[in-house]
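Text of the file data19.txt, holding compact mmCIF, C-alpha atoms:
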# COMPACT_ATOMS: atom_id res chain seq x y z
CA MET A 28 -7.56 2.01 5.78
CA THR A 29 -8.44 4.73 8.29
CA ALA A 30 -6.80 4.34 11.68
CA SER A 31 -8.85 3.46 14.75
CA ALA A 32 -7.53 3.13 18.30
CA ARG A 33 -9.99 0.33 19.05
CA ALA A 34 -8.61 -3.19 19.36
CA SER A 35 -9.10 -5.47 16.36
CA ARG A 36 -11.02 -8.72 16.72
CA GLY A 37 -11.06 -11.95 14.78
CA ILE A 38 -7.54 -12.10 13.36
CA SER A 39 -7.41 -15.06 10.96
CA LEU A 40 -4.44 -17.35 10.46
CA LYS A 41 -4.21 -18.61 6.88
CA SER A 42 -3.77 -22.27 6.02
CA PRO A 43 -1.19 -23.42 3.43
CA GLU A 44 -4.00 -23.72 0.87
CA GLU A 45 -5.16 -20.18 1.57
CA ILE A 46 -1.60 -18.89 1.25
CA GLU A 47 -1.35 -20.52 -2.18
CA ARG A 48 -4.48 -18.68 -3.30
CA MET A 49 -3.09 -15.43 -1.96
CA LYS A 50 0.14 -16.04 -3.85
CA ARG A 51 -1.90 -16.18 -7.06
CA ALA A 52 -3.56 -12.87 -6.28
CA GLY A 53 -0.26 -11.33 -5.26
CA LYS A 54 1.46 -12.50 -8.44
CA ILE A 55 -1.17 -10.77 -10.59
CA VAL A 56 -0.75 -7.55 -8.60
CA ALA A 57 3.03 -7.71 -9.02
CA THR A 58 2.74 -8.43 -12.75
CA VAL A 59 0.49 -5.43 -13.26
CA LEU A 60 2.69 -3.05 -11.27
CA ALA A 61 5.75 -4.23 -13.20
CA ALA A 62 3.95 -3.54 -16.48
CA ALA A 63 2.91 -0.10 -15.23
CA ARG A 64 6.53 1.04 -15.33
CA GLU A 65 6.15 1.23 -19.11
CA TRP A 66 2.76 2.96 -18.96
CA VAL A 67 3.63 5.80 -16.57
CA ALA A 68 5.01 8.64 -18.70
CA PRO A 69 4.46 12.33 -19.44
CA GLY A 70 1.38 12.82 -21.59
CA LYS A 71 -0.46 9.76 -20.30
CA THR A 72 -3.52 10.03 -18.08
CA THR A 73 -4.28 8.08 -14.93
CA ARG A 74 -7.58 7.03 -16.51
CA TRP A 75 -5.70 5.51 -19.46
CA ILE A 76 -3.34 3.68 -17.07
CA ASP A 77 -6.29 2.49 -15.00
CA ALA A 78 -7.89 0.96 -18.10
CA ARG A 79 -4.66 -0.91 -18.93
CA VAL A 80 -4.45 -2.21 -15.36
CA GLU A 81 -8.03 -3.45 -15.35
CA GLU A 82 -7.60 -5.14 -18.73
CA MET A 83 -4.47 -6.98 -17.59
CA ILE A 84 -6.01 -8.10 -14.29
CA VAL A 85 -8.98 -9.60 -16.11
CA ASP A 86 -6.76 -11.20 -18.77
CA LEU A 87 -4.78 -12.88 -15.97
CA GLY A 88 -7.94 -14.32 -14.43
CA GLY A 89 -8.43 -11.89 -11.57
CA ARG A 90 -10.94 -9.27 -10.56
CA PRO A 91 -10.03 -5.64 -9.80
CA ALA A 92 -10.62 -5.58 -6.05
CA PHE A 93 -11.04 -1.82 -5.68
CA LYS A 94 -13.65 -1.31 -8.40
CA GLY A 95 -16.99 -1.01 -6.65
CA TYR A 96 -15.47 -1.38 -3.18
CA ARG A 97 -17.62 0.88 -0.99
CA GLY A 98 -18.56 2.66 -4.21
CA PHE A 99 -15.04 3.37 -5.48
CA PRO A 100 -15.34 3.80 -9.28
CA SER A 101 -12.03 2.49 -10.63
CA ALA A 102 -9.64 -0.46 -10.72
CA THR A 103 -6.75 1.53 -9.25
CA CYS A 104 -6.20 4.22 -6.68
CA SER A 105 -4.15 6.72 -8.71
CA SER A 106 -2.78 9.53 -6.55
CA VAL A 107 -0.58 12.25 -8.05
CA ASN A 108 1.87 14.53 -6.20
CA GLU A 109 0.15 15.90 -3.06
CA ALA A 110 -2.52 13.18 -3.29
CA VAL A 111 -1.55 10.49 -0.77
CA VAL A 112 -4.03 7.66 -1.34
CA HIS A 113 -7.44 6.85 -2.85
CA GLY A 114 -7.06 9.13 -5.87
CA ILE A 115 -9.68 8.58 -8.59
CA PRO A 116 -8.18 8.17 -12.09
CA ASN A 117 -8.94 11.13 -14.37
CA ARG A 118 -8.14 12.70 -17.73
CA LYS A 119 -5.47 15.12 -16.53
CA LEU A 120 -2.18 14.59 -18.37
CA LEU A 121 0.79 13.47 -16.30
CA LYS A 122 3.77 15.77 -16.65
CA GLU A 123 7.53 15.53 -16.20
CA GLY A 124 8.45 15.50 -12.53
CA ASP A 125 5.14 14.20 -11.18
CA LEU A 126 4.90 11.35 -8.66
CA LEU A 127 2.14 8.80 -9.28
CA LYS A 128 1.12 6.50 -6.43
CA LEU A 129 -0.53 3.48 -8.02
CA ASP A 130 -2.37 1.17 -5.61
CA VAL A 131 -3.64 -2.12 -7.05
CA GLY A 132 -5.79 -4.83 -5.48
CA VAL A 133 -6.76 -8.17 -7.00
CA GLU A 134 -9.22 -10.86 -5.96
CA ILE A 135 -8.99 -14.39 -7.32
CA ASP A 136 -10.53 -17.57 -5.90
CA SER A 137 -12.03 -15.49 -3.06
CA TYR A 138 -8.66 -14.21 -1.79
CA TYR A 139 -6.95 -10.86 -2.12
CA GLY A 140 -3.59 -9.31 -2.88
CA ASP A 141 -2.79 -5.60 -2.40
CA SER A 142 0.28 -3.54 -3.26
CA ALA A 143 1.19 0.05 -4.06
CA TRP A 144 4.18 1.69 -5.69
CA THR A 145 5.25 5.28 -6.31
CA PHE A 146 6.23 5.87 -9.93
CA PRO A 147 8.32 8.83 -11.07
CA VAL A 148 6.96 10.49 -14.20
CA GLY A 149 10.08 11.14 -16.26
CA ASN A 150 12.81 12.91 -14.31
CA ILE A 151 11.92 13.98 -10.79
CA SER A 152 13.59 16.36 -8.34
CA PRO A 153 16.33 15.24 -5.93
CA GLU A 154 14.01 15.83 -2.97
CA ALA A 155 11.33 13.66 -4.58
CA GLU A 156 13.95 10.95 -5.17
CA GLU A 157 14.95 11.09 -1.51
CA LEU A 158 11.33 10.97 -0.39
CA CYS A 159 10.74 7.82 -2.45
CA GLU A 160 13.92 6.21 -1.14
CA VAL A 161 12.99 6.85 2.48
CA CYS A 162 9.49 5.44 2.05
CA ARG A 163 10.85 2.33 0.28
CA ASP A 164 13.40 1.87 3.06
CA ALA A 165 10.66 2.26 5.68
CA LEU A 166 8.58 -0.44 3.99
CA ALA A 167 11.58 -2.76 3.86
CA ALA A 168 12.31 -2.12 7.55
CA GLY A 169 8.70 -2.82 8.50
CA ILE A 170 8.68 -6.07 6.54
CA ALA A 171 11.97 -7.18 8.10
CA ALA A 172 10.42 -6.70 11.56
CA ALA A 173 7.39 -8.88 10.75
CA VAL A 174 8.65 -12.11 12.27
CA PRO A 175 6.83 -14.60 14.52
CA GLY A 176 7.05 -13.69 18.19
CA LYS A 177 7.45 -9.97 17.63
CA LYS A 178 4.56 -7.52 17.83
CA ILE A 179 2.89 -5.05 15.50
CA ARG A 180 4.65 -2.45 17.63
CA ASP A 181 7.96 -3.68 16.17
CA ILE A 182 6.75 -3.12 12.61
CA ALA A 183 5.53 0.37 13.47
CA ARG A 184 8.76 1.21 15.30
CA ALA A 185 10.94 0.05 12.41
CA ILE A 186 9.00 2.16 9.90
CA GLU A 187 8.99 5.19 12.17
CA LYS A 188 12.70 4.92 12.95
CA ARG A 189 13.65 5.17 9.27
CA VAL A 190 11.38 8.14 8.59
CA ARG A 191 12.37 10.02 11.77
CA GLU A 192 15.95 10.10 10.50
CA THR A 193 14.64 12.79 8.13
CA ASP A 194 12.38 15.83 8.37
CA PHE A 195 9.61 14.06 6.44
CA GLY A 196 6.14 13.52 7.89
CA ILE A 197 4.50 10.12 8.53
CA VAL A 198 0.82 9.97 7.65
CA GLU A 199 -0.96 9.00 10.87
CA GLN A 200 -4.61 8.80 9.81
CA TYR A 201 -4.17 5.79 7.50
CA VAL A 202 -2.67 2.43 8.37
CA GLY A 203 -1.84 -1.01 7.03
CA HIS A 204 -4.14 -3.95 7.65
CA GLY A 205 -4.70 -7.66 7.63
CA ILE A 206 -5.82 -9.19 4.35
CA GLY A 207 -7.16 -12.54 3.14
CA ARG A 208 -10.75 -13.44 2.28
CA GLU A 209 -11.49 -9.74 2.78
CA LEU A 210 -9.56 -6.82 1.37
CA HIS A 211 -9.34 -5.23 4.82
CA GLU A 212 -9.10 -7.51 7.83
CA ALA A 213 -7.78 -7.24 11.38
CA PRO A 214 -5.30 -6.19 12.64
CA GLN A 215 -4.39 -2.58 11.89
CA ILE A 216 -0.71 -1.73 11.35
CA PRO A 217 0.15 1.92 12.06
CA ASN A 218 3.34 3.39 10.64
CA TYR A 219 4.47 4.90 13.92
CA VAL A 220 4.20 3.91 17.57
CA ALA A 221 0.86 5.58 18.25
CA LYS A 222 0.12 6.16 21.91
CA GLY A 223 -2.97 4.25 23.03
CA PHE A 224 -3.25 2.26 19.79
CA ALA A 225 -4.54 -1.13 20.96
CA ASP A 226 -3.27 -3.31 18.08
CA LEU A 227 0.38 -2.43 18.71
CA ASP A 228 0.64 -5.19 21.32
CA ILE A 229 -0.76 -7.96 19.11
CA LYS A 230 1.82 -10.73 18.77
CA LEU A 231 2.76 -11.81 15.25
CA ARG A 232 2.03 -15.46 14.52
CA PRO A 233 2.71 -17.76 11.56
CA GLY A 234 -0.22 -17.66 9.15
CA MET A 235 -0.97 -13.97 9.58
CA VAL A 236 -0.99 -11.97 6.34
CA LEU A 237 -0.53 -8.21 6.52
CA ALA A 238 -0.62 -5.35 4.05
CA ILE A 239 2.19 -3.11 5.29
CA GLU A 240 2.03 0.37 3.76
CA PRO A 241 3.93 3.44 4.93
CA MET A 242 2.83 6.81 3.56
CA VAL A 243 5.45 9.54 3.90
CA ASN A 244 5.10 13.26 3.13
CA LEU A 245 7.72 15.78 2.09
CA GLY A 246 6.12 18.20 4.55
CA GLY A 247 3.95 17.65 7.60
CA PRO A 248 1.89 14.56 8.49
CA ASP A 249 -1.56 16.12 8.20
CA VAL A 250 -3.95 15.07 5.44
CA GLU A 251 -7.51 15.86 4.36
CA THR A 252 -10.09 14.38 2.02
CA LEU A 253 -11.28 16.23 -1.09
CA ASP A 254 -14.91 16.85 -1.97
CA ASP A 255 -15.00 13.71 -4.14
CA GLY A 256 -15.13 11.79 -0.86
CA TRP A 257 -12.09 9.67 -1.74
CA THR A 258 -8.90 11.52 -2.63
CA VAL A 259 -6.69 12.10 0.42
CA VAL A 260 -4.19 14.95 0.03
CA THR A 261 -1.50 16.51 2.18
CA SER A 262 -2.87 19.53 4.05
CA ASP A 263 0.17 21.63 3.14
CA GLY A 264 0.13 20.67 -0.56
CA MET A 265 3.53 18.97 -0.39
CA LEU A 266 4.49 15.75 -2.18
CA SER A 267 3.65 12.35 -0.72
CA THR A 268 4.80 8.78 -1.33
CA HIS A 269 3.16 5.40 -0.70
CA TYR A 270 4.61 1.89 -0.91
CA GLU A 271 2.85 -1.32 0.08
CA HIS A 272 3.31 -5.09 0.00
CA THR A 273 1.16 -8.02 1.09
CA VAL A 274 3.32 -9.99 3.53
CA TRP A 275 2.82 -13.52 4.83
CA ILE A 276 4.33 -14.23 8.25
CA SER A 277 5.70 -17.73 7.85
CA GLU A 278 7.56 -19.94 10.30
CA GLU A 279 10.76 -18.86 8.53
CA GLY A 280 9.93 -15.16 8.66
CA PRO A 281 8.22 -12.57 6.45
CA GLN A 282 7.47 -13.54 2.84
CA ILE A 283 6.32 -10.95 0.30
CA LEU A 284 3.35 -12.27 -1.70
CA THR A 285 3.08 -9.29 -4.06
CA THR A 286 6.30 -10.06 -5.89
CA LEU A 287 7.31 -11.74 -9.14
CA GLU A 288 9.86 -13.82 -7.27
CA ASP A 289 8.94 -17.33 -6.15
CA VAL A 290 7.80 -17.46 -2.51
Show how you would write the structure in this file as structure tokens.
Amino acid sequence: MTASARASRGISLKSPEEIERMKRAGKIVATVLAAAREWVAPGKTTRWIDARVEEMIVDLGGRPAFKGYRGFPSATCSSVNEAVVHGIPNRKLLKEGDLLKLDVGVEIDSYYGDSAWTFPVGNISPEAEELCEVCRDALAAGIAAAVPGKKIRDIARAIEKRVRETDFGIVEQYVGHGIGRELHEAPQIPNYVAKGFADLDIKLRPGMVLAIEPMVNLGGPDVETLDDGWTVVTSDGMLSTHYEHTVWISEEGPQILTTLEDV
């Protein structure tokens, strides 16, 4: 979601029953993204992959959360190379060395799950490999910091610390978010310690569920939106990566809901 410096209101704490529903949504998301590893290959199109994703979501009893959301036309956000997020699936053939960011959302029983992964298309360059590794590490660091009693600031700092060890750029205009009965809920979770960003000082409490999602660029942090009104690309045309998990803050610490492992 687009960043806003205004303070979030109405943060909801999920009950055990609500968490169980979100686990169901998260499991479908994880199942689809695992299957996508076999679908992402040179010669395939993002539109073809999108159709497979939608079919599997429906077969598993869910609803593609992105399709129709604010007018978005597809089941997935499929963003290739310099596209960061919100890419619309199309008929262009994927080629060896591309990076595909596949973002999948699922609604089931009125609750949502949301996760994104960056998929290499065939063999990718060493710098693209490093970019993916850093973004995955940043996500893991952010999740590890999501424990009761800490603040959103700690998540942002952990993500930023890992990325600042490199020359890569952190996307600042888009942030993580709360999730539950709505796809996007309060609070906002920036991926760096943004000066004046009100939500940074929100304390993490058991029952909060957050979609944590660093976006990291090979070049600078700046992005822009294409004329289609959706696709966000790096301003310098350099590669970008995006990883995301839906994370429940439990009494015992952070629990990833968009995983195939039992939670």
Kindly assemble as a Markdown table a list of the range 128-193 of chain A residues that lie within 6 Å of range 227-246 of chain A, each paired with its nearest atom pair and their distance in Å to one decimal, using only C-alpha atoms, sorted first by chain and then by ascending residue number.
| residue | atom | partner | partner_atom | distance |
| --- | --- | --- | --- | --- |
| A:Pro175 | CA | A:Arg232 | CA | 4.9 |
| A:Gly176 | CA | A:Leu231 | CA | 5.5 |
| A:Lys177 | CA | A:Leu231 | CA | 5.6 |
| A:Lys178 | CA | A:Lys230 | CA | 4.3 |
| A:Ile179 | CA | A:Leu227 | CA | 4.8 |
| A:Arg180 | CA | A:Leu227 | CA | 4.4 |
Between A:Thr103, A:Ser39, A:Thr58, A:Thr145, smallest distance to His269 in chain A by only C-alpha atoms belongs to A:Thr145
Across A:Ser277, A:Asn117, A:Ser152, A:Ser137, the smallest distance to Ser105 in chain A, with all atoms listed in the file counted, is shown by A:Asn117
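Between CA of His113 in chain A and CA of Gly256 in chain A lies a distance of 9.4 Å.
Comparing A:Gly140, A:Gly196, A:Gly149, A:Gly264 by their smallest distance to Glu47 in chain A, the closest is A:Gly140 (using all atoms listed in the file).
A straight line drawn from CA of Phe146 in chain A to CA of Leu126 in chain A is 5.8 Å long.
Closest approach to Cys162 in chain A from the set A:Arg90, A:Arg189, A:Arg208, A:Lys128 is made by A:Arg189, with distances taken over only C-alpha atoms.
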Atom completion result for range 90-124 of chain A (N, CA and C atoms) as a PDB file, in the coordinates of the input:
ATOM      1  N   ARG A  90      -9.925 -10.317 -10.595  1.00  0.00           N
ATOM      2  CA  ARG A  90     -10.940  -9.270 -10.560  1.00  0.00           C
ATOM      3  C   ARG A  90     -10.345  -8.045  -9.881  1.00  0.00           C
ATOM      4  N   PRO A  91     -10.526  -6.853 -10.458  1.00  0.00           N
ATOM      5  CA  PRO A  91     -10.030  -5.640  -9.800  1.00  0.00           C
ATOM      6  C   PRO A  91     -10.739  -5.447  -8.451  1.00  0.00           C
ATOM      7  N   ALA A  92     -10.006  -5.560  -7.378  1.00  0.00           N
ATOM      8  CA  ALA A  92     -10.620  -5.580  -6.050  1.00  0.00           C
ATOM      9  C   ALA A  92     -11.186  -4.230  -5.625  1.00  0.00           C
ATOM     10  N   PHE A  93     -10.609  -3.139  -6.130  1.00  0.00           N
ATOM     11  CA  PHE A  93     -11.040  -1.820  -5.680  1.00  0.00           C
ATOM     12  C   PHE A  93     -12.312  -1.352  -6.384  1.00  0.00           C
ATOM     13  N   LYS A  94     -12.526  -1.814  -7.622  1.00  0.00           N
ATOM     14  CA  LYS A  94     -13.650  -1.310  -8.400  1.00  0.00           C
ATOM     15  C   LYS A  94     -14.972  -1.737  -7.761  1.00  0.00           C
ATOM     16  N   GLY A  95     -15.731  -0.750  -7.332  1.00  0.00           N
ATOM     17  CA  GLY A  95     -16.990  -1.010  -6.650  1.00  0.00           C
ATOM     18  C   GLY A  95     -16.869  -1.163  -5.154  1.00  0.00           C
ATOM     19  N   TYR A  96     -15.658  -1.214  -4.619  1.00  0.00           N
ATOM     20  CA  TYR A  96     -15.470  -1.380  -3.180  1.00  0.00           C
ATOM     21  C   TYR A  96     -15.950  -0.111  -2.458  1.00  0.00           C
ATOM     22  N   ARG A  97     -17.010  -0.249  -1.693  1.00  0.00           N
ATOM     23  CA  ARG A  97     -17.620   0.880  -0.990  1.00  0.00           C
ATOM     24  C   ARG A  97     -17.950   2.026  -1.949  1.00  0.00           C
ATOM     25  N   GLY A  98     -18.192   1.671  -3.211  1.00  0.00           N
ATOM     26  CA  GLY A  98     -18.560   2.660  -4.210  1.00  0.00           C
ATOM     27  C   GLY A  98     -17.410   3.271  -4.985  1.00  0.00           C
ATOM     28  N   PHE A  99     -16.178   2.803  -4.746  1.00  0.00           N
ATOM     29  CA  PHE A  99     -15.040   3.370  -5.480  1.00  0.00           C
ATOM     30  C   PHE A  99     -15.197   3.025  -6.967  1.00  0.00           C
ATOM     31  N   PRO A 100     -14.961   3.996  -7.877  1.00  0.00           N
ATOM     32  CA  PRO A 100     -15.340   3.800  -9.280  1.00  0.00           C
ATOM     33  C   PRO A 100     -14.313   3.141 -10.179  1.00  0.00           C
ATOM     34  N   SER A 101     -13.095   2.885  -9.716  1.00  0.00           N
ATOM     35  CA  SER A 101     -12.030   2.490 -10.630  1.00  0.00           C
ATOM     36  C   SER A 101     -11.257   1.269 -10.142  1.00  0.00           C
ATOM     37  N   ALA A 102     -10.434   0.719 -11.049  1.00  0.00           N
ATOM     38  CA  ALA A 102      -9.640  -0.460 -10.720  1.00  0.00           C
ATOM     39  C   ALA A 102      -8.429  -0.113  -9.872  1.00  0.00           C
ATOM     40  N   THR A 103      -7.929   1.109 -10.001  1.00  0.00           N
ATOM     41  CA  THR A 103      -6.750   1.530  -9.250  1.00  0.00           C
ATOM     42  C   THR A 103      -7.056   2.763  -8.415  1.00  0.00           C
ATOM     43  N   CYS A 104      -6.293   2.931  -7.339  1.00  0.00           N
ATOM     44  CA  CYS A 104      -6.200   4.220  -6.680  1.00  0.00           C
ATOM     45  C   CYS A 104      -4.978   4.911  -7.299  1.00  0.00           C
ATOM     46  N   SER A 105      -5.205   6.028  -7.963  1.00  0.00           N
ATOM     47  CA  SER A 105      -4.150   6.720  -8.710  1.00  0.00           C
ATOM     48  C   SER A 105      -3.989   8.116  -8.132  1.00  0.00           C
ATOM     49  N   SER A 106      -2.946   8.313  -7.334  1.00  0.00           N
ATOM     50  CA  SER A 106      -2.780   9.530  -6.550  1.00  0.00           C
ATOM     51  C   SER A 106      -1.519  10.267  -7.001  1.00  0.00           C
ATOM     52  N   VAL A 107      -1.676  11.496  -7.447  1.00  0.00           N
ATOM     53  CA  VAL A 107      -0.580  12.250  -8.050  1.00  0.00           C
ATOM     54  C   VAL A 107      -0.108  13.368  -7.116  1.00  0.00           C
ATOM     55  N   ASN A 108       1.205  13.457  -6.939  1.00  0.00           N
ATOM     56  CA  ASN A 108       1.870  14.530  -6.200  1.00  0.00           C
ATOM     57  C   ASN A 108       1.369  14.657  -4.763  1.00  0.00           C
ATOM     58  N   GLU A 109       0.603  15.704  -4.447  1.00  0.00           N
ATOM     59  CA  GLU A 109       0.150  15.900  -3.060  1.00  0.00           C
ATOM     60  C   GLU A 109      -0.942  14.931  -2.661  1.00  0.00           C
ATOM     61  N   ALA A 110      -1.547  14.222  -3.623  1.00  0.00           N
ATOM     62  CA  ALA A 110      -2.520  13.180  -3.290  1.00  0.00           C
ATOM     63  C   ALA A 110      -1.776  11.995  -2.674  1.00  0.00           C
ATOM     64  N   VAL A 111      -2.238  11.545  -1.531  1.00  0.00           N
ATOM     65  CA  VAL A 111      -1.550  10.490  -0.770  1.00  0.00           C
ATOM     66  C   VAL A 111      -2.074   9.115  -1.174  1.00  0.00           C
ATOM     67  N   VAL A 112      -3.373   8.935  -1.046  1.00  0.00           N
ATOM     68  CA  VAL A 112      -4.030   7.660  -1.340  1.00  0.00           C
ATOM     69  C   VAL A 112      -5.443   7.922  -1.865  1.00  0.00           C
ATOM     70  N   HIS A 113      -6.029   6.886  -2.455  1.00  0.00           N
ATOM     71  CA  HIS A 113      -7.440   6.850  -2.850  1.00  0.00           C
ATOM     72  C   HIS A 113      -7.787   7.839  -3.960  1.00  0.00           C
ATOM     73  N   GLY A 114      -6.795   8.240  -4.756  1.00  0.00           N
ATOM     74  CA  GLY A 114      -7.060   9.130  -5.870  1.00  0.00           C
ATOM     75  C   GLY A 114      -7.884   8.422  -6.955  1.00  0.00           C
ATOM     76  N   ILE A 115      -8.856   9.119  -7.521  1.00  0.00           N
ATOM     77  CA  ILE A 115      -9.680   8.580  -8.590  1.00  0.00           C
ATOM     78  C   ILE A 115      -9.027   8.899  -9.938  1.00  0.00           C
ATOM     79  N   PRO A 116      -8.782   7.905 -10.779  1.00  0.00           N
ATOM     80  CA  PRO A 116      -8.180   8.170 -12.090  1.00  0.00           C
ATOM     81  C   PRO A 116      -8.994   9.203 -12.877  1.00  0.00           C
ATOM     82  N   ASN A 117      -8.266  10.076 -13.617  1.00  0.00           N
ATOM     83  CA  ASN A 117      -8.940  11.130 -14.370  1.00  0.00           C
ATOM     84  C   ASN A 117      -8.225  11.398 -15.699  1.00  0.00           C
ATOM     85  N   ARG A 118      -8.663  12.419 -16.395  1.00  0.00           N
ATOM     86  CA  ARG A 118      -8.140  12.700 -17.730  1.00  0.00           C
ATOM     87  C   ARG A 118      -7.017  13.735 -17.735  1.00  0.00           C
ATOM     88  N   LYS A 119      -6.557  14.149 -16.588  1.00  0.00           N
ATOM     89  CA  LYS A 119      -5.470  15.120 -16.530  1.00  0.00           C
ATOM     90  C   LYS A 119      -4.169  14.466 -16.977  1.00  0.00           C
ATOM     91  N   LEU A 120      -3.420  15.152 -17.849  1.00  0.00           N
ATOM     92  CA  LEU A 120      -2.180  14.590 -18.370  1.00  0.00           C
ATOM     93  C   LEU A 120      -1.086  14.613 -17.302  1.00  0.00           C
ATOM     94  N   LEU A 121      -0.397  13.497 -17.158  1.00  0.00           N
ATOM     95  CA  LEU A 121       0.790  13.470 -16.300  1.00  0.00           C
ATOM     96  C   LEU A 121       1.878  14.300 -16.946  1.00  0.00           C
ATOM     97  N   LYS A 122       2.691  14.940 -16.106  1.00  0.00           N
ATOM     98  CA  LYS A 122       3.770  15.770 -16.650  1.00  0.00           C
ATOM     99  C   LYS A 122       5.107  15.403 -16.018  1.00  0.00           C
ATOM    100  N   GLU A 123       6.165  15.781 -16.682  1.00  0.00           N
ATOM    101  CA  GLU A 123       7.530  15.530 -16.200  1.00  0.00           C
ATOM    102  C   GLU A 123       7.680  16.017 -14.770  1.00  0.00           C
ATOM    103  N   GLY A 124       8.204  15.133 -13.915  1.00  0.00           N
ATOM    104  CA  GLY A 124       8.450  15.500 -12.530  1.00  0.00           C
ATOM    105  C   GLY A 124       7.363  15.113 -11.553  1.00  0.00           C
TER     106      GLY A 124
END
